[in-house]
Amino acid sequence: MKSAREFFHKISYLQYPLMLVGLYWMARPLINNLNNLWADYNMALIFYGLAISLSTLQDTTKSQNKLSLKIWQSPRYARIFLTYIALLALVMSGLGIFGAMATQYSALNEISFGIISLGIGFVGVLKSGIEMAEHHQKTNK
């Protein structure tokens, strides 16, 4: 490998198999007549959180398409998008922690760890987004 950045960029492609595993867990209750619905959805959310976390290992100096390049080069659009990601991470993490600790509602309690996993994944996406915005705005000037 040329660099650690390239190595971790290649590892980030593991996000796709994890998304497929998450999709399996989302479809499983439909196959099993909704047996273990919330436990299976919890597993799906955990795998989606892991996949999103792995996606943050991508090279932040490159953009994936023209739309993302346009967003990251614009300070206004980048700020809006980063605010959205931050709110999403905060809501997911807060809801998951609330579900794990405070609620007696069994469905929320069952999927709370998956929601926490998803929230942690969005925190990683937020950090990657900040790096992408900084890099693309520097190169745009």
# chains A, B, ... in the order shown; residues from 1 in each chain; ligands from 1

call {"tool": "residues_around", "arguments": {"residues": "Leu37 in chain A", "least_positions_apart": "2", "cutoff": "12 Å", "atoms": "only C-alpha atoms", "output": "NGL selection string"}}
result
:A and (25-35 or 39-44 or 106-108 or 110-111)

call {"tool": "residues_around", "arguments": {"residues": "Ser63 in chain A", "least_positions_apart": "5", "cutoff": "12 Å", "atoms": "only C-alpha atoms", "output": "ChimeraX atom specification"}}
result
/A:58,68-73,128-129,131-133,135-136

call {"tool": "closest_residue", "arguments": {"among": "A:Gly99, A:Ser112, A:Tyr24, A:Gln137", "to": "Tyr77 in chain A", "atoms": "only C-alpha atoms"}}
result
A:Gln137

call {"tool": "closest_atom_pairs", "arguments": {"of": "range 40-101 of chain A", "to": "range 118-124 of chain A", "cutoff": "8 Å", "atoms": "only C-alpha atoms", "output": "CSV"}}
result
residue,atom,partner,partner_atom,distance
A:Leu45,CA,A:Leu118,CA,6.3
A:Ile46,CA,A:Leu118,CA,6.6
A:Tyr48,CA,A:Leu118,CA,6.6
A:Gly49,CA,A:Leu118,CA,3.9
A:Leu50,CA,A:Gly121,CA,6.6
A:Ala51,CA,A:Gly121,CA,7.8
A:Ile52,CA,A:Gly121,CA,5.2
A:Ser53,CA,A:Gly121,CA,4.5
A:Thr56,CA,A:Gly124,CA,6.0
A:Ile85,CA,A:Phe122,CA,6.7
A:Ala86,CA,A:Val123,CA,7.1
A:Leu88,CA,A:Phe122,CA,7.2
A:Ala89,CA,A:Gly119,CA,4.6
A:Leu90,CA,A:Gly119,CA,7.0
A:Val91,CA,A:Gly119,CA,7.6
A:Met92,CA,A:Gly119,CA,4.7
A:Ser93,CA,A:Gly119,CA,4.6
A:Gly96,CA,A:Gly119,CA,8.0

call {"tool": "residues_around", "arguments": {"residues": "range 13-20 of chain A", "least_positions_apart": "3", "cutoff": "6 Å", "atoms": "only C-alpha atoms", "output": "ChimeraX atom specification"}}
result
/A:10,23,47-48,51,54-55

call {"tool": "write_last_selection", "arguments": {"atoms": "N, CA, C and O atoms", "output": "tab-separated table (two decimals), in the first residue's frame"}}
result
chain	number	residue	atom	x	y	z
A	10	LYS	N	-9.49	1.51	1.44
A	10	LYS	CA	-9.88	0.19	0.95
A	10	LYS	C	-10.71	-0.57	2.00
A	10	LYS	O	-11.66	-1.26	1.66
A	23	LEU	N	-29.57	-5.35	5.76
A	23	LEU	CA	-30.78	-5.54	4.95
A	23	LEU	C	-31.40	-6.91	5.22
A	23	LEU	O	-32.63	-7.04	5.30
A	47	PHE	N	-25.82	-3.23	12.51
A	47	PHE	CA	-25.01	-3.41	11.31
A	47	PHE	C	-24.97	-2.14	10.46
A	47	PHE	O	-23.93	-1.83	9.87
A	48	TYR	N	-26.07	-1.40	10.40
A	48	TYR	CA	-26.05	-0.13	9.68
A	48	TYR	C	-25.12	0.87	10.36
A	48	TYR	O	-24.39	1.62	9.70
A	51	ALA	N	-21.63	-0.12	9.47
A	51	ALA	CA	-21.36	0.21	8.07
A	51	ALA	C	-21.10	1.71	7.91
A	51	ALA	O	-20.16	2.12	7.21
A	54	LEU	N	-17.69	2.49	9.21
A	54	LEU	CA	-16.64	2.12	8.25
A	54	LEU	C	-16.58	3.09	7.08
A	54	LEU	O	-15.51	3.32	6.51
A	55	SER	N	-17.70	3.67	6.71
A	55	SER	CA	-17.71	4.61	5.58
A	55	SER	C	-16.89	5.85	5.90
A	55	SER	O	-16.41	6.53	5.00

call {"tool": "closest_residue", "arguments": {"among": "A:Ser74, A:Asn109, A:Asn36, A:Gln64", "to": "Lys138 in chain A", "atoms": "only C-alpha atoms"}}
result
A:Ser74
